[in-house]
Amino acid sequence: MKINRFYSGLLAATILVTGCKTTKDTTPATQTTAKVQQKDVLFTVNDKPYYTDEFIRVYKKNLDLVKDDSQKDLNNYLDLFIGYKLKVNKAYKLNLQEGKKYQGELKSYRNQLAKNYLTDSKVTTGLVQEAYNRMQKEIKASHILFMVDENASPADTLKAYNKAVEARKRLVAGEDFGKLAAELSEDPSAKDNKGDLGYFTVFRMVYPFETAAYNTPKGQVSRPARTRFGYHLIKVTDVRDNRGEVAVAHIMVARPQKEDDKAAENKAKSKIEDIYKKLQQGEDFTVLAKQLSEDKTSAEKGGVLIPFSSGELTSHQFEYTPFALKTPGEISKPFQSQFGWHIVKLIEKKPIKSFEDLKPELENRIKRDERSRLIAQSLTANLRAKYPVVKDKEMYKKVVGALTDSIYVMDWKLPKNIEVYNKPLLTINKDKELTGKDFLTYVNSQQNNGVSAKPLSRAAEVLFERYTDEQLNAYYNQNLEREFPEFDAIMQEYRDGLLLFDLMEKEIWEKAKNDTIGQQNYYNQHKAEYVWKQRADVEVYSSTNEKVIKDARALLLKGKDAKAVKDKLNTKDKVNIIEKSGTFETGTDAMPKLALWKAGVSDVVKEGDYYYVVKTNKILPAGEKTFEDAKGRVINDYQQYLESTWVEQLKKEFTVKVNQDVFEKVKTEINTKK
């Protein structure tokens, strides 16, 4: 699907904003009120006003994103902006804002965006520095796990802890860690790997496990470390400097689709060995990757992969070989992974980036990590300082009296006279009231998580403090638009963007896809644009040795097939010639350049370091594509046609009035600040 250029810019800008960290301190206790920008009505759509502040903000945000200079012209940009708002008005007119999918996506987006504000910047900074410091090392460790749910009862928790303590005593006394892991660990993989986790660095393990591993000296066993999985005993067996990132290119022959297809497996292995021989003969890695690699994503780039670090790949077999290469340009022997056979060429080894370069990435990862709990605890403390909280003592006493010891066995029931408690219990910032009924309902839902504090009055206190913290965070979250003007602006842009997406899907994309009569009419009017170029059904033979290609040509002229040619010219130890076949357009880069394409065997052609001979089985002449042949492109072109005429139709449906005097002031303001 294609999206209107202006909308693409808007959406891109929105994504950029949401993907970046907030530049100012958003900790509630340090927040300041933003200065409100002067705004005037720039234009109206059916008397609905749109203001200068939004236009200026969006224009500046998109200025560096758009490549089309015409969109930077303020007159053209105003036309685009009006067109955008016309589409939004159309969406509201169709009540698309009432759609459940739209409302769900908007809620999901707000929750995601709010994460940038539901944080404590000071705590985040400390965690970022800690993560970077740990990143300098890679830990090799083994573990023994004693499973216990994070919400387990105190008795079950203690039972698991005592198991870990007893196991550690045996380890300290000299028992073998691997044998004990196979015997005791409740990690299912321990039976096979004896608890060995290999090398890892920061963010590869849950945070409490990571912390315990980094705080345990090499050769020693940690004290029991609690994670959400249970208690771990961790033995650090090695610590090494982080190897950074490695950049490589590879040639891959994919594994057979059927696991037990021995013939296909042997064919794949034979092919990778032939390619390796050609590399040893001095042939170019990039050219061979483009011609022969079956990793289609990287083949067109000469096999180049995105740089990666230890532990990032799903294939440990693949990861090991690139890091073992020493010198840029060095090429590995063929090796196998779960994806197939590979040959890897080292391009570059990259050390860890500087703290400043990695800081944004680390901040984002920390927000998705268990470390976020520490940030949340600090945020709550700031909220308690920011917002006054008042507890009604009489109502609190009353709700505590409604609790019984049955809460400890998760069998407590709401009072039958629950409405008696429907009076204020908790007031936040003087404008949010929560009743005793609200709190008791919360208690009823929480008891299933287990309540351990005793006596009952202490349990009520713990639950009330937890409830207060949750309500403080909810209140702060609900008021982000009021607290942060930039948050409000981003949310408005996203509301409009989502509506526009739904509208285009309904009015343009679905119509272009399903309007078969419109597609056919568009095709009939533009037939000349949908044509085949000349194509050829060919066998292409290539070699770096001119004599080999001449010999291949002679064999082809005698009527020999591809197998016979390769059997004659390739040996067990040396691959002299490689063949590929298929139907190609005669001008494509995948084919050698022939002066004349015709059925039969071509003369020898030299391009770069390679010699080619082409056997052309059939020539398919240029000509018009049928509607079915061109259908994919027709639908795409028809969609663009519908988009190009859409805004003019909307201008007839809605009344637009531009305040030209105000617009002239806007142009002066923007041009003065450039």
# chains A, B, ... in the order shown; residues from 1 in each chain; ligands from 1
call {"tool": "select_by_dssp", "arguments": {"residues": "stretch 366-490 of chain A", "states": "helix (DSSP H, G or I)", "output": "PyMOL selection string"}}
result
chain A and resi 366-367+372-386+393-401+405-409+418-421+436-449+456-478+480-483+485-490
call {"tool": "residues_around", "arguments": {"residues": "stretch 157-165 of chain A", "least_positions_apart": "3", "cutoff": "10 Å", "atoms": "only C-alpha atoms", "output": "PyMOL selection string"}}
result
chain A and resi 144-154+168-171+184-185+223-226+230-233
call {"tool": "write_last_selection", "arguments": {"atoms": "N, CA, C and O atoms", "output": "tab-separated table (two decimals), in the first residue's frame"}}
result
chain	number	residue	atom	x	y	z
A	144	ILE	N	22.27	-23.30	38.60
A	144	ILE	CA	21.34	-24.31	39.10
A	144	ILE	C	20.09	-23.56	39.53
A	144	ILE	O	20.17	-22.60	40.29
A	145	LEU	N	18.93	-23.99	39.03
A	145	LEU	CA	17.67	-23.28	39.30
A	145	LEU	C	16.77	-24.11	40.21
A	145	LEU	O	16.55	-25.30	39.97
A	146	PHE	N	16.24	-23.43	41.24
A	146	PHE	CA	15.20	-24.01	42.09
A	146	PHE	C	13.95	-23.15	41.88
A	146	PHE	O	13.88	-22.02	42.35
A	147	MET	N	13.01	-23.70	41.14
A	147	MET	CA	11.88	-22.91	40.68
A	147	MET	C	10.90	-22.59	41.81
A	147	MET	O	10.61	-23.45	42.65
A	148	VAL	N	10.42	-21.35	41.81
A	148	VAL	CA	9.34	-20.92	42.70
A	148	VAL	C	8.71	-19.69	42.08
A	148	VAL	O	9.40	-18.79	41.61
A	149	ASP	N	7.38	-19.65	42.03
A	149	ASP	CA	6.67	-18.53	41.43
A	149	ASP	C	6.94	-17.26	42.23
A	149	ASP	O	7.07	-17.30	43.46
A	150	GLU	N	7.01	-16.12	41.52
A	150	GLU	CA	7.30	-14.87	42.22
A	150	GLU	C	6.20	-14.46	43.17
A	150	GLU	O	6.42	-13.67	44.08
A	151	ASN	N	4.99	-15.01	43.00
A	151	ASN	CA	3.87	-14.72	43.91
A	151	ASN	C	3.57	-15.90	44.84
A	151	ASN	O	2.48	-15.99	45.39
A	152	ALA	N	4.56	-16.78	44.99
A	152	ALA	CA	4.35	-17.96	45.84
A	152	ALA	C	4.21	-17.55	47.30
A	152	ALA	O	4.60	-16.46	47.72
A	153	SER	N	3.67	-18.47	48.09
A	153	SER	CA	3.51	-18.22	49.53
A	153	SER	C	4.88	-18.16	50.19
A	153	SER	O	5.86	-18.70	49.68
A	154	PRO	N	4.97	-17.51	51.36
A	154	PRO	CA	6.24	-17.46	52.08
A	154	PRO	C	6.81	-18.84	52.35
A	154	PRO	O	8.02	-19.05	52.28
A	168	ARG	N	24.31	-25.05	47.78
A	168	ARG	CA	25.53	-24.23	47.82
A	168	ARG	C	26.53	-24.80	48.82
A	168	ARG	O	27.75	-24.75	48.59
A	169	LYS	N	26.03	-25.32	49.93
A	169	LYS	CA	26.93	-25.94	50.92
A	169	LYS	C	27.69	-27.10	50.29
A	169	LYS	O	28.89	-27.28	50.52
A	170	ARG	N	26.99	-27.89	49.48
A	170	ARG	CA	27.64	-29.02	48.81
A	170	ARG	C	28.69	-28.54	47.81
A	170	ARG	O	29.76	-29.15	47.66
A	171	LEU	N	28.39	-27.44	47.13
A	171	LEU	CA	29.35	-26.89	46.17
A	171	LEU	C	30.58	-26.33	46.87
A	171	LEU	O	31.72	-26.54	46.43
A	184	LEU	N	20.16	-31.61	40.36
A	184	LEU	CA	19.22	-30.81	41.14
A	184	LEU	C	18.47	-29.73	40.37
A	184	LEU	O	17.36	-29.34	40.75
A	185	SER	N	19.07	-29.20	39.30
A	185	SER	CA	18.49	-28.03	38.66
A	185	SER	C	17.12	-28.33	38.06
A	185	SER	O	16.91	-29.38	37.44
A	223	ARG	N	25.68	-16.47	46.10
A	223	ARG	CA	24.64	-16.81	47.06
A	223	ARG	C	23.33	-16.95	46.28
A	223	ARG	O	23.24	-16.50	45.14
A	224	PRO	N	22.29	-17.56	46.85
A	224	PRO	CA	21.03	-17.71	46.10
A	224	PRO	C	20.52	-16.37	45.58
A	224	PRO	O	20.37	-15.42	46.35
A	225	ALA	N	20.29	-16.30	44.28
A	225	ALA	CA	19.82	-15.07	43.63
A	225	ALA	C	18.38	-15.27	43.19
A	225	ALA	O	18.08	-16.22	42.47
A	226	ARG	N	17.50	-14.38	43.60
A	226	ARG	CA	16.06	-14.52	43.30
A	226	ARG	C	15.72	-13.80	42.01
A	226	ARG	O	16.05	-12.62	41.82
A	230	GLY	N	12.69	-18.14	40.12
A	230	GLY	CA	13.01	-18.86	41.34
A	230	GLY	C	14.37	-18.42	41.87
A	230	GLY	O	14.80	-17.29	41.67
A	231	TYR	N	15.05	-19.35	42.58
A	231	TYR	CA	16.38	-19.07	43.12
A	231	TYR	C	17.44	-19.74	42.27
A	231	TYR	O	17.31	-20.91	41.87
A	232	HIS	N	18.52	-19.00	42.00
A	232	HIS	CA	19.62	-19.50	41.18
A	232	HIS	C	20.91	-19.52	42.00
A	232	HIS	O	21.17	-18.61	42.79
A	233	LEU	N	21.70	-20.56	41.78
A	233	LEU	CA	23.11	-20.55	42.17
A	233	LEU	C	23.90	-20.38	40.89
A	233	LEU	O	23.71	-21.13	39.92
call {"tool": "residues_around", "arguments": {"residues": "A:Lys547", "least_positions_apart": "6", "cutoff": "12 Å", "atoms": "only C-alpha atoms", "output": "PDB file with N, CA, C and O atoms, in the first residue's frame"}}
result
ATOM      1  N   ARG A 553      31.751 -23.962 -24.782  1.00  0.00           N
ATOM      2  CA  ARG A 553      31.015 -23.580 -25.992  1.00  0.00           C
ATOM      3  C   ARG A 553      31.060 -24.692 -27.030  1.00  0.00           C
ATOM      4  O   ARG A 553      30.051 -25.014 -27.672  1.00  0.00           O
ATOM      5  N   ALA A 554      32.241 -25.292 -27.158  1.00  0.00           N
ATOM      6  CA  ALA A 554      32.379 -26.378 -28.131  1.00  0.00           C
ATOM      7  C   ALA A 554      31.476 -27.556 -27.766  1.00  0.00           C
ATOM      8  O   ALA A 554      30.837 -28.167 -28.638  1.00  0.00           O
ATOM      9  N   LEU A 569      34.326 -30.549 -17.553  1.00  0.00           N
ATOM     10  CA  LEU A 569      35.267 -29.449 -17.299  1.00  0.00           C
ATOM     11  C   LEU A 569      35.612 -29.249 -15.824  1.00  0.00           C
ATOM     12  O   LEU A 569      36.612 -28.604 -15.512  1.00  0.00           O
ATOM     13  N   ASN A 576      35.893 -25.422 -12.340  1.00  0.00           N
ATOM     14  CA  ASN A 576      36.305 -24.509 -13.412  1.00  0.00           C
ATOM     15  C   ASN A 576      35.144 -23.717 -13.992  1.00  0.00           C
ATOM     16  O   ASN A 576      35.352 -22.642 -14.555  1.00  0.00           O
ATOM     17  N   ILE A 577      33.924 -24.252 -13.856  1.00  0.00           N
ATOM     18  CA  ILE A 577      32.783 -23.613 -14.511  1.00  0.00           C
ATOM     19  C   ILE A 577      31.532 -23.787 -13.655  1.00  0.00           C
ATOM     20  O   ILE A 577      31.369 -24.806 -12.983  1.00  0.00           O
ATOM     21  N   VAL A 604      31.846 -16.274 -27.038  1.00  0.00           N
ATOM     22  CA  VAL A 604      32.359 -16.041 -25.683  1.00  0.00           C
ATOM     23  C   VAL A 604      32.340 -14.542 -25.395  1.00  0.00           C
ATOM     24  O   VAL A 604      32.750 -13.734 -26.241  1.00  0.00           O
ATOM     25  N   TYR A 610      35.406 -12.274 -15.675  1.00  0.00           N
ATOM     26  CA  TYR A 610      34.689 -13.493 -16.032  1.00  0.00           C
ATOM     27  C   TYR A 610      34.451 -13.601 -17.533  1.00  0.00           C
ATOM     28  O   TYR A 610      34.243 -12.594 -18.229  1.00  0.00           O
ATOM     29  N   TYR A 611      34.463 -14.857 -17.981  1.00  0.00           N
ATOM     30  CA  TYR A 611      34.110 -15.190 -19.367  1.00  0.00           C
ATOM     31  C   TYR A 611      32.785 -15.940 -19.329  1.00  0.00           C
ATOM     32  O   TYR A 611      32.544 -16.771 -18.445  1.00  0.00           O
ATOM     33  N   TYR A 612      31.936 -15.659 -20.295  1.00  0.00           N
ATOM     34  CA  TYR A 612      30.608 -16.265 -20.342  1.00  0.00           C
ATOM     35  C   TYR A 612      30.334 -16.849 -21.719  1.00  0.00           C
ATOM     36  O   TYR A 612      30.806 -16.328 -22.744  1.00  0.00           O
ATOM     37  N   VAL A 613      29.521 -17.918 -21.712  1.00  0.00           N
ATOM     38  CA  VAL A 613      28.900 -18.379 -22.941  1.00  0.00           C
ATOM     39  C   VAL A 613      27.448 -18.670 -22.579  1.00  0.00           C
ATOM     40  O   VAL A 613      27.147 -19.189 -21.504  1.00  0.00           O
TER      41      VAL A 613
END
call {"tool": "closest_atom_pairs", "arguments": {"of": "stretch 79-158 of chain A", "to": "stretch 345-365 of chain A", "cutoff": "8 Å", "atoms": "only C-alpha atoms", "output": "Markdown table"}}
result
| residue | atom | partner | partner_atom | distance |
| --- | --- | --- | --- | --- |
| A:Thr124 | CA | A:Glu363 | CA | 7.1 |
| A:Val128 | CA | A:Leu362 | CA | 6.0 |
| A:Ala131 | CA | A:Leu362 | CA | 7.4 |
| A:Tyr132 | CA | A:Phe355 | CA | 6.8 |
| A:Gln136 | CA | A:Ile352 | CA | 7.6 |
call {"tool": "residues_around", "arguments": {"residues": "A:Glu529", "least_positions_apart": "4", "cutoff": "10 Å", "atoms": "only C-alpha atoms", "output": "PyMOL selection string"}}
result
chain A and resi 523+525+624-625+630+634
call {"tool": "decode", "arguments": {"residues": "stretch 325-340 of chain A", "atoms": "all heavy atoms", "output": "CSV table (one decimal), in the first residue's frame"}}
result
chain,number,residue,atom,x,y,z
A,325,LEU,N,37.6,-15.5,13.0
A,325,LEU,CA,38.4,-14.9,12.0
A,325,LEU,C,39.2,-13.7,12.5
A,325,LEU,O,38.7,-12.9,13.3
A,325,LEU,CB,37.5,-14.5,10.8
A,325,LEU,CG,36.7,-15.6,10.1
A,325,LEU,CD1,35.8,-15.0,9.0
A,325,LEU,CD2,37.7,-16.6,9.5
A,326,LYS,N,40.4,-13.5,12.0
A,326,LYS,CA,41.3,-12.5,12.6
A,326,LYS,C,41.5,-11.3,11.7
A,326,LYS,O,41.5,-10.2,12.2
A,326,LYS,CB,42.7,-13.1,12.9
A,326,LYS,CG,42.7,-14.4,13.8
A,326,LYS,CD,42.2,-14.0,15.2
A,326,LYS,CE,42.2,-15.3,16.1
A,326,LYS,NZ,41.6,-15.0,17.4
A,327,THR,N,41.7,-11.5,10.4
A,327,THR,CA,42.1,-10.4,9.5
A,327,THR,C,41.0,-10.0,8.6
A,327,THR,O,40.4,-11.0,7.9
A,327,THR,CB,43.3,-10.8,8.7
A,327,THR,OG1,44.3,-11.3,9.6
A,327,THR,CG2,43.9,-9.7,7.9
A,328,PRO,N,40.7,-8.7,8.4
A,328,PRO,CA,39.7,-8.4,7.4
A,328,PRO,C,40.0,-9.0,6.0
A,328,PRO,O,41.2,-8.9,5.6
A,328,PRO,CB,39.8,-6.8,7.4
A,328,PRO,CG,40.2,-6.5,8.8
A,328,PRO,CD,41.2,-7.6,9.1
A,329,GLY,N,39.0,-9.5,5.4
A,329,GLY,CA,39.2,-10.2,4.1
A,329,GLY,C,39.4,-11.7,4.2
A,329,GLY,O,39.3,-12.4,3.3
A,330,GLU,N,39.7,-12.2,5.5
A,330,GLU,CA,39.9,-13.6,5.7
A,330,GLU,C,38.6,-14.3,5.5
A,330,GLU,O,37.5,-13.9,5.8
A,330,GLU,CB,40.4,-13.8,7.1
A,330,GLU,CG,40.7,-15.3,7.5
A,330,GLU,CD,41.2,-15.5,8.9
A,330,GLU,OE1,41.4,-14.4,9.6
A,330,GLU,OE2,41.3,-16.6,9.3
A,331,ILE,N,38.7,-15.5,4.8
A,331,ILE,CA,37.5,-16.3,4.4
A,331,ILE,C,37.5,-17.6,5.2
A,331,ILE,O,38.5,-18.3,5.2
A,331,ILE,CB,37.4,-16.5,2.9
A,331,ILE,CG1,37.3,-15.2,2.2
A,331,ILE,CG2,36.3,-17.5,2.5
A,331,ILE,CD1,37.4,-15.2,0.7
A,332,SER,N,36.4,-18.0,5.8
A,332,SER,CA,36.3,-19.3,6.5
A,332,SER,C,36.1,-20.5,5.6
A,332,SER,O,35.8,-20.3,4.4
A,332,SER,CB,35.1,-19.2,7.4
A,332,SER,OG,33.9,-19.4,6.7
A,333,LYS,N,36.4,-21.6,6.1
A,333,LYS,CA,36.0,-22.9,5.4
A,333,LYS,C,34.5,-23.0,5.5
A,333,LYS,O,33.9,-22.4,6.3
A,333,LYS,CB,36.7,-24.1,6.0
A,333,LYS,CG,38.3,-24.1,5.8
A,333,LYS,CD,38.9,-25.3,6.5
A,333,LYS,CE,40.4,-25.3,6.3
A,333,LYS,NZ,41.0,-26.5,6.9
A,334,PRO,N,33.9,-23.8,4.6
A,334,PRO,CA,32.5,-24.1,4.7
A,334,PRO,C,32.1,-24.7,6.1
A,334,PRO,O,32.9,-25.5,6.6
A,334,PRO,CB,32.2,-25.1,3.6
A,334,PRO,CG,33.3,-24.9,2.6
A,334,PRO,CD,34.5,-24.5,3.4
A,335,PHE,N,31.0,-24.2,6.7
A,335,PHE,CA,30.6,-24.7,7.9
A,335,PHE,C,29.0,-24.8,7.9
A,335,PHE,O,28.4,-24.0,7.1
A,335,PHE,CB,31.1,-23.9,9.1
A,335,PHE,CG,30.6,-22.5,9.2
A,335,PHE,CD1,29.5,-22.2,10.0
A,335,PHE,CD2,31.2,-21.5,8.5
A,335,PHE,CE1,29.0,-20.9,10.0
A,335,PHE,CE2,30.8,-20.2,8.5
A,335,PHE,CZ,29.7,-19.9,9.3
A,336,GLN,N,28.4,-25.5,8.8
A,336,GLN,CA,27.0,-25.7,8.8
A,336,GLN,C,26.3,-25.1,10.0
A,336,GLN,O,26.9,-25.2,11.1
A,336,GLN,CB,26.7,-27.3,8.7
A,336,GLN,CG,25.3,-27.6,8.4
A,336,GLN,CD,25.1,-29.1,8.1
A,336,GLN,OE1,25.9,-29.9,8.6
A,336,GLN,NE2,24.0,-29.5,7.4
A,337,SER,N,25.2,-24.6,9.8
A,337,SER,CA,24.3,-24.1,10.9
A,337,SER,C,22.9,-24.7,10.7
A,337,SER,O,22.7,-25.5,9.7
A,337,SER,CB,24.1,-22.6,10.9
A,337,SER,OG,23.3,-22.2,9.8
A,338,GLN,N,22.0,-24.4,11.5
A,338,GLN,CA,20.6,-25.0,11.3
A,338,GLN,C,19.9,-24.4,10.1
A,338,GLN,O,18.9,-24.9,9.7
A,338,GLN,CB,19.7,-24.7,12.6
A,338,GLN,CG,19.4,-23.2,12.8
A,338,GLN,CD,20.3,-22.6,13.8
A,338,GLN,OE1,21.5,-22.8,13.7
A,338,GLN,NE2,19.8,-21.9,14.8
A,339,PHE,N,20.5,-23.4,9.5
A,339,PHE,CA,19.9,-22.8,8.3
A,339,PHE,C,20.5,-23.3,7.0
A,339,PHE,O,19.9,-23.2,5.9
A,339,PHE,CB,20.1,-21.3,8.3
A,339,PHE,CG,19.5,-20.6,9.5
A,339,PHE,CD1,20.3,-20.1,10.5
A,339,PHE,CD2,18.1,-20.6,9.7
A,339,PHE,CE1,19.7,-19.5,11.6
A,339,PHE,CE2,17.5,-20.0,10.8
A,339,PHE,CZ,18.4,-19.5,11.8
A,340,GLY,N,21.7,-23.9,7.0
A,340,GLY,CA,22.3,-24.5,5.8
A,340,GLY,C,23.8,-24.4,6.0
A,340,GLY,O,24.4,-24.4,7.0
